[in-house]
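Visitor: Okay, so here is protein-v8.pdb, and as you'll see once you scroll down, it has PDB, C-alpha atoms.
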```pdb
ATOM      1  CA  MET A   1      15.887  -5.395  15.787
ATOM      2  CA  ASN A   2      15.907  -1.993  17.440
ATOM      3  CA  THR A   3      12.710  -0.046  16.997
ATOM      4  CA  THR A   4      12.827   3.376  15.386
ATOM      5  CA  ASN A   5      10.270   5.391  17.331
ATOM      6  CA  HIS A   6       9.621   7.717  14.419
ATOM      7  CA  LEU A   7       8.962   6.551  10.875
ATOM      8  CA  ARG A   8       9.066   9.174   8.114
ATOM      9  CA  VAL A   9       6.966   8.059   5.162
ATOM     10  CA  ALA A  10       6.612   9.506   1.645
ATOM     11  CA  LEU A  11       3.234   8.899  -0.031
ATOM     12  CA  ILE A  12       3.613   9.407  -3.785
ATOM     13  CA  GLN A  13       0.324  10.346  -5.449
ATOM     14  CA  SER A  14       1.010  10.265  -9.179
ATOM     15  CA  ASP A  15      -0.511   9.880 -12.607
ATOM     16  CA  LEU A  16       0.530   6.691 -14.402
ATOM     17  CA  ILE A  17       1.564   6.148 -18.010
ATOM     18  CA  TRP A  18      -0.574   3.339 -19.412
ATOM     19  CA  GLU A  19       1.217   0.005 -19.785
ATOM     20  CA  ASN A  20       4.659   1.623 -19.991
ATOM     21  CA  PRO A  21       6.929   0.321 -17.227
ATOM     22  CA  THR A  22      10.021   2.117 -18.546
ATOM     23  CA  ALA A  23       8.352   5.539 -18.547
ATOM     24  CA  ASN A  24       6.756   4.970 -15.145
ATOM     25  CA  ARG A  25      10.013   3.858 -13.577
ATOM     26  CA  LYS A  26      11.676   6.976 -14.982
ATOM     27  CA  GLN A  27       9.055   9.359 -13.588
ATOM     28  CA  PHE A  28       9.058   7.732 -10.159
ATOM     29  CA  GLU A  29      12.847   7.746 -10.009
ATOM     30  CA  GLU A  30      12.806  11.491 -10.736
ATOM     31  CA  LYS A  31      10.280  12.058  -7.947
ATOM     32  CA  ILE A  32      12.281   9.940  -5.507
ATOM     33  CA  ASN A  33      15.527  11.698  -6.399
ATOM     34  CA  ASN A  34      13.905  15.014  -5.471
ATOM     35  CA  LEU A  35      13.039  13.833  -1.969
ATOM     36  CA  THR A  36      15.022  15.310   0.878
ATOM     37  CA  GLU A  37      16.989  13.059   3.188
ATOM     38  CA  GLY A  38      15.442  11.399   6.200
ATOM     39  CA  ILE A  39      12.719   9.340   4.503
ATOM     40  CA  ASP A  40      12.382   5.792   5.845
ATOM     41  CA  LEU A  41       9.678   4.416   3.545
ATOM     42  CA  ILE A  42       8.291   5.333   0.107
ATOM     43  CA  ILE A  43       4.828   4.120  -0.921
ATOM     44  CA  LEU A  44       3.808   3.915  -4.597
ATOM     45  CA  PRO A  45       0.308   3.164  -5.987
ATOM     46  CA  GLU A  46      -1.156  -0.142  -7.176
ATOM     47  CA  MET A  47       0.290  -1.407 -10.501
ATOM     48  CA  PHE A  48       2.546   1.633 -10.516
ATOM     49  CA  THR A  49       4.410   0.580 -13.678
ATOM     50  CA  THR A  50       1.329   0.090 -15.879
ATOM     51  CA  GLY A  51      -1.916   1.393 -14.434
ATOM     52  CA  PHE A  52      -4.730  -0.999 -13.470
ATOM     53  CA  THR A  53      -4.687  -3.152 -16.595
ATOM     54  CA  MET A  54      -6.056  -6.618 -17.264
ATOM     55  CA  ASN A  55      -3.592  -7.048 -20.146
ATOM     56  CA  ALA A  56      -1.344  -9.134 -17.918
ATOM     57  CA  SER A  57       0.040 -11.427 -20.607
ATOM     58  CA  VAL A  58       1.639  -8.452 -22.349
ATOM     59  CA  ILE A  59       3.017  -6.410 -19.449
ATOM     60  CA  ALA A  60       3.756  -8.974 -16.712
ATOM     61  CA  GLU A  61       7.282  -9.182 -15.343
ATOM     62  CA  THR A  62       9.086 -11.796 -13.286
ATOM     63  CA  MET A  63      10.752 -11.516  -9.898
ATOM     64  CA  GLU A  64      14.044 -11.318 -11.816
ATOM     65  CA  GLY A  65      12.714  -8.608 -14.130
ATOM     66  CA  GLU A  66      13.634  -4.967 -14.683
ATOM     67  CA  THR A  67      11.235  -3.410 -12.172
ATOM     68  CA  VAL A  68      12.298  -5.672  -9.318
ATOM     69  CA  GLN A  69      15.949  -4.964 -10.068
ATOM     70  CA  TRP A  70      15.172  -1.240 -10.287
ATOM     71  CA  LEU A  71      13.432  -1.288  -6.906
ATOM     72  CA  GLN A  72      16.294  -3.161  -5.276
ATOM     73  CA  ASN A  73      18.940  -0.876  -6.749
ATOM     74  CA  LEU A  74      17.044   2.253  -5.722
ATOM     75  CA  ALA A  75      16.376   0.981  -2.201
ATOM     76  CA  GLN A  76      20.035   0.097  -1.703
ATOM     77  CA  GLU A  77      21.315   3.337  -3.238
ATOM     78  CA  LYS A  78      19.006   5.507  -1.100
ATOM     79  CA  SER A  79      19.109   3.291   2.030
ATOM     80  CA  ILE A  80      15.338   3.399   2.045
ATOM     81  CA  ALA A  81      12.406   0.973   1.850
ATOM     82  CA  ILE A  82      10.067   1.162  -1.159
ATOM     83  CA  THR A  83       6.704  -0.523  -1.676
ATOM     84  CA  GLY A  84       4.014  -0.704  -4.362
ATOM     85  CA  SER A  85       2.398  -3.364  -6.534
ATOM     86  CA  ILE A  86       3.202  -4.610 -10.035
ATOM     87  CA  VAL A  87       2.029  -7.429 -12.308
ATOM     88  CA  ILE A  88       4.088 -10.603 -11.801
ATOM     89  CA  ASN A  89       4.116 -13.808 -13.853
ATOM     90  CA  GLU A  90       5.109 -16.792 -11.723
ATOM     91  CA  ASN A  91       4.586 -20.474 -12.430
ATOM     92  CA  ASP A  92       2.256 -19.612 -15.327
ATOM     93  CA  ASN A  93       0.021 -17.532 -13.069
ATOM     94  CA  PHE A  94      -0.406 -13.761 -12.932
ATOM     95  CA  TYR A  95      -0.410 -11.933  -9.595
ATOM     96  CA  ASN A  96      -1.113  -8.377  -8.537
ATOM     97  CA  ARG A  97       1.876  -8.452  -6.209
ATOM     98  CA  LEU A  98       2.935  -5.874  -3.651
ATOM     99  CA  LEU A  99       6.678  -5.754  -3.171
ATOM    100  CA  PHE A 100       8.162  -4.339   0.029
ATOM    101  CA  VAL A 101      11.808  -3.799  -0.780
ATOM    102  CA  HIS A 102      14.113  -3.251   2.203
ATOM    103  CA  PRO A 103      17.244  -1.049   2.039
ATOM    104  CA  SER A 104      19.296  -4.253   1.877
ATOM    105  CA  GLY A 105      17.448  -5.308  -1.270
ATOM    106  CA  ARG A 106      15.550  -8.053   0.545
ATOM    107  CA  ILE A 107      11.937  -8.382  -0.618
ATOM    108  CA  ASP A 108       8.746  -9.224   1.262
ATOM    109  CA  SER A 109       5.817  -9.834  -1.078
ATOM    110  CA  TYR A 110       2.032  -9.939  -0.782
ATOM    111  CA  ASP A 111      -0.364 -11.142  -3.498
ATOM    112  CA  LYS A 112      -3.706  -9.344  -3.607
ATOM    113  CA  LYS A 113      -6.273 -11.506  -1.843
ATOM    114  CA  HIS A 114      -9.475  -9.857  -3.085
ATOM    115  CA  THR A 115      -9.354  -9.601  -6.866
ATOM    116  CA  PHE A 116     -11.729  -6.960  -8.233
ATOM    117  CA  THR A 117     -14.519  -8.969  -9.889
ATOM    118  CA  LEU A 118     -16.270  -5.850 -11.255
ATOM    119  CA  ALA A 119     -13.287  -5.315 -13.577
ATOM    120  CA  GLY A 120     -12.737  -9.014 -14.257
ATOM    121  CA  GLU A 121      -9.509  -9.117 -12.268
ATOM    122  CA  HIS A 122     -10.466 -12.566 -10.938
ATOM    123  CA  GLU A 123     -10.476 -13.916 -14.504
ATOM    124  CA  VAL A 124      -6.879 -12.821 -15.132
ATOM    125  CA  PHE A 125      -5.096 -12.821 -11.786
ATOM    126  CA  SER A 126      -4.679 -15.552  -9.204
ATOM    127  CA  ALA A 127      -5.749 -14.498  -5.717
ATOM    128  CA  GLY A 128      -3.300 -14.496  -2.860
ATOM    129  CA  THR A 129      -3.951 -16.687   0.146
ATOM    130  CA  GLU A 130      -1.773 -15.250   2.915
ATOM    131  CA  ARG A 131      -1.504 -11.913   4.666
ATOM    132  CA  ILE A 132       1.977 -10.798   5.651
ATOM    133  CA  ILE A 133       3.413  -8.641   8.396
ATOM    134  CA  VAL A 134       6.591  -6.812   7.407
ATOM    135  CA  ASP A 135       9.107  -6.096  10.162
ATOM    136  CA  TYR A 136      10.899  -2.881   9.254
ATOM    137  CA  LYS A 137      12.949  -0.863  11.722
ATOM    138  CA  GLY A 138      11.031  -2.553  14.518
ATOM    139  CA  TRP A 139       7.655  -1.508  13.083
ATOM    140  CA  LYS A 140       5.126  -4.173  12.174
ATOM    141  CA  ILE A 141       3.571  -3.194   8.853
ATOM    142  CA  CYS A 142       0.530  -4.829   7.215
ATOM    143  CA  PRO A 143       0.477  -4.072   3.452
ATOM    144  CA  LEU A 144      -2.705  -4.658   1.433
ATOM    145  CA  ILE A 145      -4.006  -3.737  -2.030
ATOM    146  CA  CYS A 146      -6.998  -1.653  -3.127
ATOM    147  CA  TYR A 147     -10.133  -3.895  -3.137
ATOM    148  CA  ASP A 148      -8.880  -5.564   0.066
ATOM    149  CA  LEU A 149     -10.028  -2.354   1.774
ATOM    150  CA  ARG A 150     -13.682  -3.406   1.497
ATOM    151  CA  PHE A 151     -13.124  -6.503   3.621
ATOM    152  CA  PRO A 152     -12.401  -5.543   7.248
ATOM    153  CA  VAL A 153     -11.800  -9.062   8.524
ATOM    154  CA  TRP A 154      -8.755  -9.403   6.242
ATOM    155  CA  ALA A 155      -7.238  -6.276   7.811
ATOM    156  CA  ARG A 156      -8.174  -7.232  11.383
ATOM    157  CA  ASN A 157      -5.375  -6.359  13.784
ATOM    158  CA  THR A 158      -4.749  -9.748  15.352
ATOM    159  CA  LYS A 159      -0.957  -9.438  14.892
ATOM    160  CA  ASN A 160      -0.549  -6.166  16.801
ATOM    161  CA  TYR A 161       0.727  -4.371  13.717
ATOM    162  CA  ASP A 162       1.697  -0.692  13.939
ATOM    163  CA  LEU A 163       0.921   0.464  10.411
ATOM    164  CA  LEU A 164      -1.751  -0.645   7.950
ATOM    165  CA  LEU A 165      -1.233   0.487   4.364
ATOM    166  CA  TYR A 166      -3.113   0.179   1.097
ATOM    167  CA  VAL A 167      -1.819   0.855  -2.410
ATOM    168  CA  ALA A 168      -4.615   1.476  -4.877
ATOM    169  CA  SER A 169      -6.149   2.434  -8.199
ATOM    170  CA  TRP A 170      -9.477   3.535  -6.728
ATOM    171  CA  PRO A 171     -11.641   5.514  -9.212
ATOM    172  CA  LYS A 172     -13.495   8.773  -8.644
ATOM    173  CA  PRO A 173     -17.110   7.436  -8.627
ATOM    174  CA  ARG A 174     -16.472   5.444  -5.425
ATOM    175  CA  ILE A 175     -13.970   7.746  -3.740
ATOM    176  CA  GLU A 176     -16.319   8.468  -0.807
ATOM    177  CA  ALA A 177     -16.150   4.776   0.058
ATOM    178  CA  TRP A 178     -12.337   4.942  -0.067
ATOM    179  CA  ASP A 179     -12.309   7.849   2.381
ATOM    180  CA  SER A 180     -14.809   6.274   4.773
ATOM    181  CA  LEU A 181     -13.302   2.797   4.786
ATOM    182  CA  LEU A 182      -9.735   3.965   5.362
ATOM    183  CA  LYS A 183     -10.816   6.017   8.352
ATOM    184  CA  ALA A 184     -12.806   3.070   9.682
ATOM    185  CA  ARG A 185      -9.830   0.707   9.315
ATOM    186  CA  ALA A 186      -7.674   3.100  11.350
ATOM    187  CA  ILE A 187     -10.233   3.420  14.128
ATOM    188  CA  GLU A 188     -11.245  -0.230  14.424
ATOM    189  CA  ASN A 189      -7.649  -1.506  14.304
ATOM    190  CA  MET A 190      -6.170   1.271  16.465
ATOM    191  CA  SER A 191      -3.401   1.693  13.925
ATOM    192  CA  TYR A 192      -1.825   4.289  11.706
ATOM    193  CA  THR A 193      -3.483   3.713   8.341
ATOM    194  CA  ILE A 194      -2.234   4.951   4.967
ATOM    195  CA  GLY A 195      -3.898   4.790   1.560
ATOM    196  CA  VAL A 196      -1.919   5.751  -1.559
ATOM    197  CA  ASN A 197      -4.018   6.178  -4.694
ATOM    198  CA  ARG A 198      -3.197   7.350  -8.204
ATOM    199  CA  VAL A 199      -4.543  10.355 -10.114
ATOM    200  CA  GLY A 200      -5.315  11.029 -13.782
ATOM    201  CA  VAL A 201      -7.373   9.206 -16.404
ATOM    202  CA  ASP A 202      -6.430   5.732 -17.631
ATOM    203  CA  ALA A 203      -6.791   4.198 -21.099
ATOM    204  CA  ASN A 204     -10.224   2.831 -20.180
ATOM    205  CA  GLY A 205     -11.486   6.321 -19.395
ATOM    206  CA  TYR A 206     -11.574   5.879 -15.604
ATOM    207  CA  GLU A 207     -10.730   8.999 -13.619
ATOM    208  CA  TYR A 208      -8.764   8.920 -10.368
ATOM    209  CA  THR A 209      -8.714  11.766  -7.866
ATOM    210  CA  GLY A 210      -6.149  10.325  -5.478
ATOM    211  CA  ASN A 211      -7.380  11.150  -1.975
ATOM    212  CA  THR A 212      -4.109   9.742  -0.703
ATOM    213  CA  VAL A 213      -4.323   9.982   3.074
ATOM    214  CA  CYS A 214      -2.854   9.048   6.440
ATOM    215  CA  TYR A 215      -4.952   8.572   9.600
ATOM    216  CA  ASP A 216      -3.765   8.080  13.138
ATOM    217  CA  THR A 217      -4.942   5.565  15.724
ATOM    218  CA  LEU A 218      -8.132   7.478  16.522
ATOM    219  CA  GLY A 219      -8.986   8.364  12.936
ATOM    220  CA  ASN A 220      -7.520  11.861  12.899
ATOM    221  CA  CYS A 221      -6.274  12.918   9.464
ATOM    222  CA  LEU A 222      -2.528  13.605   9.423
ATOM    223  CA  ALA A 223      -2.199  14.363   5.703
ATOM    224  CA  LYS A 224      -4.421  14.230   2.613
ATOM    225  CA  ASN A 225      -4.624  15.327  -1.007
ATOM    226  CA  ASN A 226      -8.114  15.205  -2.527
ATOM    227  CA  GLN A 227      -7.421  17.754  -5.268
ATOM    228  CA  GLY A 228      -6.670  15.227  -8.001
ATOM    229  CA  THR A 229      -3.131  16.565  -8.323
ATOM    230  CA  GLU A 230       0.250  14.904  -8.189
ATOM    231  CA  GLU A 231       1.940  15.367  -4.835
ATOM    232  CA  ILE A 232       4.317  13.692  -2.429
ATOM    233  CA  LEU A 233       2.878  13.760   1.067
ATOM    234  CA  ILE A 234       5.318  13.347   3.947
ATOM    235  CA  VAL A 235       4.088  12.012   7.286
ATOM    236  CA  ASP A 236       5.955  11.405  10.517
ATOM    237  CA  LEU A 237       4.619   8.476  12.523
ATOM    238  CA  ASP A 238       5.321   8.094  16.249
ATOM    239  CA  ILE A 239       5.095   4.567  17.616
ATOM    240  CA  GLU A 240       5.314   5.700  21.243
ATOM    241  CA  ALA A 241       2.357   8.050  20.822
ATOM    242  CA  GLN A 242       0.329   5.230  19.266
ATOM    243  CA  THR A 243       1.257   2.789  22.017
ATOM    244  CA  LYS A 244       0.278   5.338  24.647
ATOM    245  CA  ILE A 245      -3.198   5.705  23.123
ATOM    246  CA  ARG A 246      -3.596   1.931  22.791
ATOM    247  CA  ASN A 247      -2.606   1.396  26.416
ATOM    248  CA  ARG A 248      -4.991   4.101  27.586
ATOM    249  CA  PHE A 249      -8.103   2.874  25.758
ATOM    250  CA  ARG A 250      -7.315  -0.842  25.139
ATOM    251  CA  PHE A 251     -10.186  -1.219  22.650
ATOM    252  CA  LEU A 252      -8.418  -4.098  20.893
ATOM    253  CA  ASP A 253      -8.672  -6.174  24.077
ATOM    254  CA  ASP A 254     -12.449  -6.287  23.654
ATOM    255  CA  ARG A 255     -12.544  -7.483  20.047
ATOM    256  CA  ASP A 256     -14.584 -10.540  19.089
ATOM    257  CA  ARG A 257     -12.761 -13.854  18.906
ATOM    258  CA  PHE A 258     -13.111 -15.850  15.706
ATOM    259  CA  ILE A 259     -10.988 -17.504  13.051
ATOM    260  CA  LEU A 260     -11.186 -17.062   9.268
ATOM    261  CA  GLN A 261     -12.294 -20.237   7.531
TER     262      GLN A 261
END
```
Go ahead and render the structure in this file as structure tokens.
Guide:
Amino acid sequence: MNTTNHLRVALIQSDLIWENPTANRKQFEEKINNLTEGIDLIILPEMFTTGFTMNASVIAETMEGETVQWLQNLAQEKSIAITGSIVINENDNFYNRLLFVHPSGRIDSYDKKHTFTLAGEHEVFSAGTERIIVDYKGWKICPLICYDLRFPVWARNTKNYDLLLYVASWPKPRIEAWDSLLKARAIENMSYTIGVNRVGVDANGYEYTGNTVCYDTLGNCLAKNNQGTEEILIVDLDIEAQTKIRNRFRFLDDRDRFILQ
């Protein structure tokens, strides 16, 4: 596959309508339709059709369900990749599953490894076991979900990925940790790092301020919204510029060698 040196990414920071996939799909489709041409990848928040709910038995969909079909149709119609997580029921298990839908309609999927015990997510959702690297337009992309951010070994750049991204429902009381950890992931992995978080207040009374952000290889902020408002941030990523910095400093060559057990 030929590498596209520049990747133009839309980070959609949005409020979510509680446990209403139809309404959420409608609002995201309206936002996407208003985007100008030239976008390569759209990133939506965690559980973007429902909000961060533990009511999985009521709102879960299947991989043949309406949201998956909607994502595939939209990706094909717009010739664009779209990613975000939804609740999936598969083999009598529930997963917080990130879907990376290619313009062809092909899907790469990642199940959240670190379920959020503080909210009881581990009691409802099965944890994923494998990290994935998505190959899109020659870029290697590592997609993860929310609580995974607290565990740096899981994000460790042993696969020479070019972009690390997190979709999230990360609440206001711990937003300083979100900011600090995302910047740290970018610096330690020498990779573009994106975090897309929601805004608004959910049905459980938790407030979200967004703080959707993109950092470059050295931890410089390329775009951010910490105002608690809905916004679509557009960032242009340059793989040649990143490679040049990596080749100059070569910090990844000095990383510790170990294997996850």
Visitor: Fewer than 3 positions away in the same chain doesn't count, so skip those; otherwise give me all residues within 12 Å of region 70-74 of chain A, counting all atoms listed in the file, as a JSON list (two decimals) with C-alpha atoms, in the coordinates of the input.
Guide:
```json
[["chain", "number", "residue", "atom", "x", "y", "z"],
["A", 21, "PRO", "CA", 6.93, 0.32, -17.23],
["A", 22, "THR", "CA", 10.02, 2.12, -18.55],
["A", 24, "ASN", "CA", 6.76, 4.97, -15.14],
["A", 25, "ARG", "CA", 10.01, 3.86, -13.58],
["A", 26, "LYS", "CA", 11.68, 6.98, -14.98],
["A", 28, "PHE", "CA", 9.06, 7.73, -10.16],
["A", 29, "GLU", "CA", 12.85, 7.75, -10.01],
["A", 30, "GLU", "CA", 12.81, 11.49, -10.74],
["A", 32, "ILE", "CA", 12.28, 9.94, -5.51],
["A", 33, "ASN", "CA", 15.53, 11.70, -6.40],
["A", 42, "ILE", "CA", 8.29, 5.33, 0.11],
["A", 43, "ILE", "CA", 4.83, 4.12, -0.92],
["A", 44, "LEU", "CA", 3.81, 3.92, -4.60],
["A", 48, "PHE", "CA", 2.55, 1.63, -10.52],
["A", 49, "THR", "CA", 4.41, 0.58, -13.68],
["A", 63, "MET", "CA", 10.75, -11.52, -9.90],
["A", 64, "GLU", "CA", 14.04, -11.32, -11.82],
["A", 65, "GLY", "CA", 12.71, -8.61, -14.13],
["A", 66, "GLU", "CA", 13.63, -4.97, -14.68],
["A", 67, "THR", "CA", 11.24, -3.41, -12.17],
["A", 77, "GLU", "CA", 21.32, 3.34, -3.24],
["A", 78, "LYS", "CA", 19.01, 5.51, -1.10],
["A", 79, "SER", "CA", 19.11, 3.29, 2.03],
["A", 80, "ILE", "CA", 15.34, 3.40, 2.04],
["A", 81, "ALA", "CA", 12.41, 0.97, 1.85],
["A", 82, "ILE", "CA", 10.07, 1.16, -1.16],
["A", 83, "THR", "CA", 6.70, -0.52, -1.68],
["A", 84, "GLY", "CA", 4.01, -0.70, -4.36],
["A", 85, "SER", "CA", 2.40, -3.36, -6.53],
["A", 86, "ILE", "CA", 3.20, -4.61, -10.04],
["A", 98, "LEU", "CA", 2.94, -5.87, -3.65],
["A", 99, "LEU", "CA", 6.68, -5.75, -3.17],
["A", 100, "PHE", "CA", 8.16, -4.34, 0.03],
["A", 101, "VAL", "CA", 11.81, -3.80, -0.78],
["A", 102, "HIS", "CA", 14.11, -3.25, 2.20],
["A", 103, "PRO", "CA", 17.24, -1.05, 2.04],
["A", 104, "SER", "CA", 19.30, -4.25, 1.88],
["A", 105, "GLY", "CA", 17.45, -5.31, -1.27],
["A", 106, "ARG", "CA", 15.55, -8.05, 0.55],
["A", 107, "ILE", "CA", 11.94, -8.38, -0.62],
["A", 108, "ASP", "CA", 8.75, -9.22, 1.26]]
```
Visitor: Of the residues A:Phe94, A:Glu230, A:Thr36, A:Val9, which is the one nearest to Cys214 (chain A), using all atoms listed in the file?
Guide: A:Val9
Visitor: Taking the file above as input, evaluate the PyMOL selection byres ((chain A and resi 46) around 12) and report the hits as a VMD selection string.
Guide: chain A and resid 12 to 16 43 to 45 47 to 53 83 to 87 96 to 99 111 to 112 143 to 148 165 to 170 195 to 199 210
Visitor: I need the output of the PyMOL selection byres ((chain A and resi 227) around 9) for this file as a JSON list (two decimals) with C-alpha atoms, keeping the file's coordinate frame; which residues are they?
Guide:
```
[["chain", "number", "residue", "atom", "x", "y", "z"],
["A", 209, "THR", "CA", -8.71, 11.77, -7.87],
["A", 210, "GLY", "CA", -6.15, 10.32, -5.48],
["A", 211, "ASN", "CA", -7.38, 11.15, -1.98],
["A", 225, "ASN", "CA", -4.62, 15.33, -1.01],
["A", 226, "ASN", "CA", -8.11, 15.20, -2.53],
["A", 228, "GLY", "CA", -6.67, 15.23, -8.00],
["A", 229, "THR", "CA", -3.13, 16.57, -8.32],
["A", 230, "GLU", "CA", 0.25, 14.90, -8.19]]
```
Visitor: CA of Leu35 (chain A) and CA of Ile194 (chain A) are how many Å apart?
Guide: 19.0 Å
Visitor: So, counting all atoms listed in the file, which residue among A:Thr217, A:Lys224, A:Tyr136, A:Asn204 is closest to Glu240 (chain A)?
Guide: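 Under the stated criterion, the closest residue is A:Thr217.
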Visitor: As a check of understanding, name the residues that the PyMOL selection byres ((chain A and resi 192) around 9) selects in the supplied structure, as a list of chain:residue names.
Guide: A:Asp162, A:Leu163, A:Leu164, A:Leu165, A:Ala186, A:Ile187, A:Asn189, A:Met190, A:Ser191, A:Thr193, A:Ile194, A:Cys214, A:Tyr215, A:Asp216, A:Thr217, A:Leu218, A:Gly219, A:Leu237, A:Gln242
Visitor: One decimal, Å: what's the distance from CA of Ile59 (chain A) over to CA of His122 (chain A), could you say?
Guide: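 Answer for the CA of Ile59 (chain A) to CA of His122 (chain A) separation: 17.1 Å.
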Visitor: Take CA of Asp254 (chain A) and CA of Thr129 (chain A) and report the distance between them in Å, one decimal.
Guide: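 Between CA of Asp254 (chain A) and CA of Thr129 (chain A) the gap is 27.1 Å.
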Visitor: Can you work out which one of A:Glu90, A:Ile245, A:Asn160, A:Leu11 has the shortest atom-to-atom distance to Glu231 (chain A), counting only C-alpha atoms?
Guide: A:Leu11
Visitor: Nearest to Ala203 (chain A): which of A:Ile17, A:Cys221, A:Ala10, A:Leu182 is it, counting all atoms listed in the file?
Guide: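 So, comparing all the options, the nearest one is A:Ile17.
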